[in-house]
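Colleague: Here it is: the structure, laid out below.
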Amino acid sequence: MTRIHRLRPLFLFVLLASLQCGAATAAAGYGGGAEGFCSAEPSSKCSGDQPLYWKVTHPTLAPAHLQDLPGFTRSVFKRDHALITPESHVFSPLPDWINTVGAYLISPAIGAHFIMYLANMQDGSKSALPPKDVERFVFVLQGSISLTVGTGTIHSLLVDSYGYLPANTKHSMISDEPTTLVIFERRYNAIEDSHPDLIVGSTDKQPLLETPGEVFQLRKLLPTSLSYDFNIHIMDFQPGEYLNVKEVHYNQHGLLLLEGQGIYRLGESWYPVQAGDTIWMAPFVPQWYAALGKTRTRYLLYKDVNRNPLI
């Protein structure tokens with residue numbers, strides 16, 4: 001029996017769930033014309049001829065048949081998980097940033113020990129520093145930034161590039177075009193004789209790692225050494241692929257779906273998800289994912305590592 005045949009009941013379930021939440025047909029997103037879950041007929045949005053991560057920066061905001069229903073959202077918040085979808089994002093000026101608005105997606109108010117937010121920069125935008133003892137990870141979804149570290153080392157970060165700034169690192173990010181970043185910040189959990197380094201890289205330069213018993217492709221964007229108290233994973237699934245293990249563990253997750261669509265199980269709930277959706281997973285919440293649709297799924301995943309949970 002093939003993997004697709006084994007997934008047939010799941011496809012039927014997701015079709016019903018998609019119809020209920022209105023994801024089967026979609027209205028225009030930010031710039032107009034962005035579709036929701038891909039239909040049976042291939043379209044240009046499904047074919048991959050848009051820029052990388054187009055669906056994240058031009059998300060589907062409302063399904064067509066629910067446009068006249070005020071207050072519609074797919075967002076859900078529960079004790080041990082949350083699904084934050086683009087139609088419920090609230091952007092406001094980021095404190096001390098210049099010409100930049102942001103949307104906080106995950107924060108301690110939800111039960112997390114980190115924050116995750118989107119930053120929309122324009123021509124002439126400039127970042128501010130995070131609070132004292134807070135480390136920062138930046139991933140470029142659209143546009144580009146110039147990252148200046150210390151007194152003059154400049155790095156150019158394009159789409160799919162990233163930078164890790166250890167706590168208390170003097171730096172600034174400047175953009176001269178419309179740019180969207182996803183940023184993770186947390187208070188660094190220091191351990192004796194371990195000091196993380198500045199990291200600048202891009203996804204395509206990271207090696208594929210072995211995933212015993214699983215079929216997805218995995219890249220880790222930060223070193224696995226004890227100096228780092230979290231990592232960022234890029235995980236790729238081809239259509240029909242899924243996690244073989246329903247995971248339950250002490251780690252927290254913050255996830256941004258970069259490409260594709262599928263279904264996520266969180267606790268006893270099942271959610272159709274697509275590019276642009278954010279998920280927070282508390283410790284020990286059961287979690288499982290299957291990729292659907294016609295294109296690969298790619299998601300970016302925050303995971304705390306290398307620290308005793310008692311600390």
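Letters A, B, ... mark the chains of the structure tokens in the order given; residue numbers begin at 1 per chain; ligand numbers begin at 1, in order shown.
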Using DSSP on the backbone, list every residue of region 125-225 of chain A that comes out as strand (DSSP E or B), and give them as number ranges by chain.
Modeller: A: 125-126, 134-142, 145-149, 153-157, 161-165, 171-175, 179-187, 199-202, 209, 217-220
Colleague: For Asp304 (chain A), please output as a PDB file with N, CA and C atoms, in the first residue's frame all residues within 12 Å (counting only C-alpha atoms; exclusion window: fewer than 6 positions along the same chain).
Modeller:
ATOM      1  N   ALA A 112       4.649  31.270  26.426  1.00  0.00           N
ATOM      2  CA  ALA A 112       5.961  30.967  25.862  1.00  0.00           C
ATOM      3  C   ALA A 112       7.068  31.647  26.654  1.00  0.00           C
ATOM      4  N   HIS A 113       8.295  31.134  26.512  1.00  0.00           N
ATOM      5  CA  HIS A 113       9.438  31.814  27.117  1.00  0.00           C
ATOM      6  C   HIS A 113      10.277  32.528  26.058  1.00  0.00           C
ATOM      7  N   PHE A 114       9.690  32.789  24.905  1.00  0.00           N
ATOM      8  CA  PHE A 114      10.337  33.525  23.826  1.00  0.00           C
ATOM      9  C   PHE A 114       9.284  34.378  23.140  1.00  0.00           C
ATOM     10  N   PHE A 184      12.904  35.970  16.196  1.00  0.00           N
ATOM     11  CA  PHE A 184      12.752  35.278  17.475  1.00  0.00           C
ATOM     12  C   PHE A 184      13.694  35.936  18.473  1.00  0.00           C
ATOM     13  N   GLU A 185      13.207  36.162  19.690  1.00  0.00           N
ATOM     14  CA  GLU A 185      14.035  36.710  20.756  1.00  0.00           C
ATOM     15  C   GLU A 185      13.720  35.992  22.060  1.00  0.00           C
ATOM     16  N   ARG A 186      14.751  35.797  22.885  1.00  0.00           N
ATOM     17  CA  ARG A 186      14.551  35.217  24.208  1.00  0.00           C
ATOM     18  C   ARG A 186      15.730  35.616  25.093  1.00  0.00           C
ATOM     19  N   ARG A 187      15.504  35.597  26.392  1.00  0.00           N
ATOM     20  CA  ARG A 187      16.592  35.859  27.325  1.00  0.00           C
ATOM     21  C   ARG A 187      17.553  34.674  27.304  1.00  0.00           C
ATOM     22  N   TYR A 188      18.815  34.992  27.079  1.00  0.00           N
ATOM     23  CA  TYR A 188      19.809  33.930  26.956  1.00  0.00           C
ATOM     24  C   TYR A 188      19.993  33.213  28.287  1.00  0.00           C
ATOM     25  N   ASN A 189      19.945  31.903  28.241  1.00  0.00           N
ATOM     26  CA  ASN A 189      20.138  31.059  29.408  1.00  0.00           C
ATOM     27  C   ASN A 189      21.606  30.643  29.441  1.00  0.00           C
ATOM     28  N   LEU A 222      21.442  26.765  13.232  1.00  0.00           N
ATOM     29  CA  LEU A 222      22.413  27.145  14.250  1.00  0.00           C
ATOM     30  C   LEU A 222      23.242  25.927  14.651  1.00  0.00           C
ATOM     31  N   THR A 224      24.860  23.017  16.961  1.00  0.00           N
ATOM     32  CA  THR A 224      24.209  22.191  17.980  1.00  0.00           C
ATOM     33  C   THR A 224      24.998  22.189  19.296  1.00  0.00           C
ATOM     34  N   LEU A 226      26.652  23.353  23.004  1.00  0.00           N
ATOM     35  CA  LEU A 226      25.996  23.775  24.232  1.00  0.00           C
ATOM     36  C   LEU A 226      25.885  25.289  24.371  1.00  0.00           C
ATOM     37  N   TYR A 228      24.472  27.286  22.527  1.00  0.00           N
ATOM     38  CA  TYR A 228      23.201  27.773  21.984  1.00  0.00           C
ATOM     39  C   TYR A 228      22.039  27.119  22.730  1.00  0.00           C
ATOM     40  N   ASP A 229      21.135  27.954  23.246  1.00  0.00           N
ATOM     41  CA  ASP A 229      20.021  27.420  24.037  1.00  0.00           C
ATOM     42  C   ASP A 229      18.746  27.252  23.223  1.00  0.00           C
ATOM     43  N   PHE A 230      18.816  27.509  21.932  1.00  0.00           N
ATOM     44  CA  PHE A 230      17.718  27.163  21.027  1.00  0.00           C
ATOM     45  C   PHE A 230      18.307  26.928  19.646  1.00  0.00           C
ATOM     46  N   ASN A 231      17.505  26.324  18.785  1.00  0.00           N
ATOM     47  CA  ASN A 231      17.891  26.150  17.391  1.00  0.00           C
ATOM     48  C   ASN A 231      16.697  26.492  16.517  1.00  0.00           C
ATOM     49  N   ILE A 232      16.969  26.710  15.248  1.00  0.00           N
ATOM     50  CA  ILE A 232      15.929  26.949  14.253  1.00  0.00           C
ATOM     51  C   ILE A 232      16.073  25.875  13.180  1.00  0.00           C
ATOM     52  N   HIS A 233      15.011  25.123  12.971  1.00  0.00           N
ATOM     53  CA  HIS A 233      15.021  24.057  11.982  1.00  0.00           C
ATOM     54  C   HIS A 233      14.228  24.484  10.750  1.00  0.00           C
ATOM     55  N   HIS A 249       6.991  16.068  23.906  1.00  0.00           N
ATOM     56  CA  HIS A 249       8.294  16.325  24.508  1.00  0.00           C
ATOM     57  C   HIS A 249       8.273  17.623  25.309  1.00  0.00           C
ATOM     58  N   TYR A 250       9.349  17.860  26.045  1.00  0.00           N
ATOM     59  CA  TYR A 250       9.390  19.008  26.948  1.00  0.00           C
ATOM     60  C   TYR A 250       9.674  20.325  26.230  1.00  0.00           C
ATOM     61  N   ASN A 251      10.135  20.262  24.979  1.00  0.00           N
ATOM     62  CA  ASN A 251      10.519  21.476  24.258  1.00  0.00           C
ATOM     63  C   ASN A 251       9.310  22.286  23.830  1.00  0.00           C
ATOM     64  N   GLN A 252       9.477  23.594  23.799  1.00  0.00           N
ATOM     65  CA  GLN A 252       8.484  24.469  23.190  1.00  0.00           C
ATOM     66  C   GLN A 252       8.824  24.657  21.716  1.00  0.00           C
ATOM     67  N   HIS A 253       7.795  24.994  20.929  1.00  0.00           N
ATOM     68  CA  HIS A 253       7.987  25.282  19.510  1.00  0.00           C
ATOM     69  C   HIS A 253       7.283  26.584  19.137  1.00  0.00           C
ATOM     70  N   GLY A 254       7.899  27.283  18.205  1.00  0.00           N
ATOM     71  CA  GLY A 254       7.235  28.351  17.473  1.00  0.00           C
ATOM     72  C   GLY A 254       7.459  28.067  16.000  1.00  0.00           C
ATOM     73  N   MET A 281       3.449  25.754  20.217  1.00  0.00           N
ATOM     74  CA  MET A 281       3.234  24.471  20.868  1.00  0.00           C
ATOM     75  C   MET A 281       3.887  24.488  22.234  1.00  0.00           C
ATOM     76  N   ALA A 282       3.099  24.312  23.268  1.00  0.00           N
ATOM     77  CA  ALA A 282       3.614  24.266  24.632  1.00  0.00           C
ATOM     78  C   ALA A 282       4.316  22.934  24.884  1.00  0.00           C
ATOM     79  N   PRO A 283       5.081  22.824  25.963  1.00  0.00           N
ATOM     80  CA  PRO A 283       5.691  21.539  26.295  1.00  0.00           C
ATOM     81  C   PRO A 283       4.633  20.443  26.453  1.00  0.00           C
TER      82      PRO A 283
END
Colleague: Excluding region 191-201 of chain A and any residue of its chain fewer than 6 positions from it, enumerate the residues within 8 Å of it, using only C-alpha atoms, and give them as a PDB file with N, CA, C and O atoms, in the first residue's frame.
Modeller:
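Okay, this is what ended up in part07.pdb:
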ATOM      1  N   HIS A 155      26.874  42.791   6.801  1.00  0.00           N
ATOM      2  CA  HIS A 155      26.433  41.585   6.105  1.00  0.00           C
ATOM      3  C   HIS A 155      25.158  41.915   5.332  1.00  0.00           C
ATOM      4  O   HIS A 155      24.258  42.570   5.864  1.00  0.00           O
ATOM      5  N   SER A 161      17.932  34.143   3.922  1.00  0.00           N
ATOM      6  CA  SER A 161      19.132  34.315   4.736  1.00  0.00           C
ATOM      7  C   SER A 161      18.733  34.643   6.169  1.00  0.00           C
ATOM      8  O   SER A 161      17.602  35.055   6.432  1.00  0.00           O
ATOM      9  N   TYR A 162      19.680  34.505   7.082  1.00  0.00           N
ATOM     10  CA  TYR A 162      19.364  34.707   8.490  1.00  0.00           C
ATOM     11  C   TYR A 162      20.593  35.169   9.247  1.00  0.00           C
ATOM     12  O   TYR A 162      21.745  35.041   8.779  1.00  0.00           O
ATOM     13  N   GLY A 163      20.345  35.700  10.433  1.00  0.00           N
ATOM     14  CA  GLY A 163      21.428  36.082  11.319  1.00  0.00           C
ATOM     15  C   GLY A 163      21.053  35.783  12.758  1.00  0.00           C
ATOM     16  O   GLY A 163      19.897  35.961  13.158  1.00  0.00           O
ATOM     17  N   TYR A 164      22.034  35.295  13.520  1.00  0.00           N
ATOM     18  CA  TYR A 164      21.853  35.098  14.958  1.00  0.00           C
ATOM     19  C   TYR A 164      22.754  36.091  15.673  1.00  0.00           C
ATOM     20  O   TYR A 164      23.978  36.129  15.440  1.00  0.00           O
ATOM     21  N   LEU A 165      22.175  36.902  16.552  1.00  0.00           N
ATOM     22  CA  LEU A 165      22.907  37.913  17.310  1.00  0.00           C
ATOM     23  C   LEU A 165      22.913  37.513  18.783  1.00  0.00           C
ATOM     24  O   LEU A 165      21.857  37.512  19.426  1.00  0.00           O
ATOM     25  N   PRO A 166      24.086  37.128  19.319  1.00  0.00           N
ATOM     26  CA  PRO A 166      24.134  36.797  20.749  1.00  0.00           C
ATOM     27  C   PRO A 166      23.670  37.971  21.603  1.00  0.00           C
ATOM     28  O   PRO A 166      23.704  39.131  21.176  1.00  0.00           O
ATOM     29  N   LEU A 221      19.778  25.590  11.402  1.00  0.00           N
ATOM     30  CA  LEU A 221      20.404  26.847  11.022  1.00  0.00           C
ATOM     31  C   LEU A 221      21.419  27.341  12.037  1.00  0.00           C
ATOM     32  O   LEU A 221      22.195  28.256  11.731  1.00  0.00           O
ATOM     33  N   LEU A 222      21.442  26.765  13.232  1.00  0.00           N
ATOM     34  CA  LEU A 222      22.413  27.145  14.250  1.00  0.00           C
ATOM     35  C   LEU A 222      23.242  25.927  14.651  1.00  0.00           C
ATOM     36  O   LEU A 222      22.791  24.781  14.500  1.00  0.00           O
ATOM     37  N   LEU A 226      26.652  23.353  23.004  1.00  0.00           N
ATOM     38  CA  LEU A 226      25.996  23.775  24.232  1.00  0.00           C
ATOM     39  C   LEU A 226      25.885  25.289  24.371  1.00  0.00           C
ATOM     40  O   LEU A 226      25.093  25.787  25.184  1.00  0.00           O
ATOM     41  N   SER A 227      26.659  26.033  23.602  1.00  0.00           N
ATOM     42  CA  SER A 227      26.598  27.490  23.699  1.00  0.00           C
ATOM     43  C   SER A 227      25.224  28.031  23.314  1.00  0.00           C
ATOM     44  O   SER A 227      24.849  29.126  23.741  1.00  0.00           O
ATOM     45  N   TYR A 228      24.472  27.286  22.527  1.00  0.00           N
ATOM     46  CA  TYR A 228      23.201  27.773  21.984  1.00  0.00           C
ATOM     47  C   TYR A 228      22.039  27.119  22.730  1.00  0.00           C
ATOM     48  O   TYR A 228      21.981  25.894  22.846  1.00  0.00           O
TER      49      TYR A 228
END
Colleague: Just to confirm, what's the straight-line distance from CA of Leu255 (chain A) to CA of Lys55 (chain A) in Å (one decimal)?
Modeller: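 CA of Leu255 (chain A) sits 15.2 Å away from CA of Lys55 (chain A).
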Colleague: Compare A:Ala167, A:Val149, A:Leu301, A:Val245 by their minimum atom-to-atom distance to Arg219 (chain A), counting only C-alpha atoms, and give me the closest one.
Modeller: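 So, comparing all the options, the nearest one is A:Leu301.
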Colleague: Give me, as a ChimeraX atom specification, all polymer residues having an atom no more than 12 Å from region 123-127 of chain A, counting only C-alpha atoms and skipping those fewer than 3 positions away in the same chain.
Modeller: /A:93-102,119-120,130,136,138,143-148,170-181,183
Colleague: With distances taken over only C-alpha atoms, which residue among A:Thr203, A:Thr297, A:Thr278, A:Ser269 lies nearest Pro239 (chain A)?
Modeller: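 Closest to Pro239 (chain A), using only C-alpha atoms: A:Thr297.
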Colleague: At a cut-off of 10 Å, using only C-alpha atoms, what residues contact Tyr104 (chain A)? Leave out same-chain residues fewer than 6 positions from it and give the result as a ChimeraX atom specification.
Modeller: /A:89-92,94,115-119,182-183
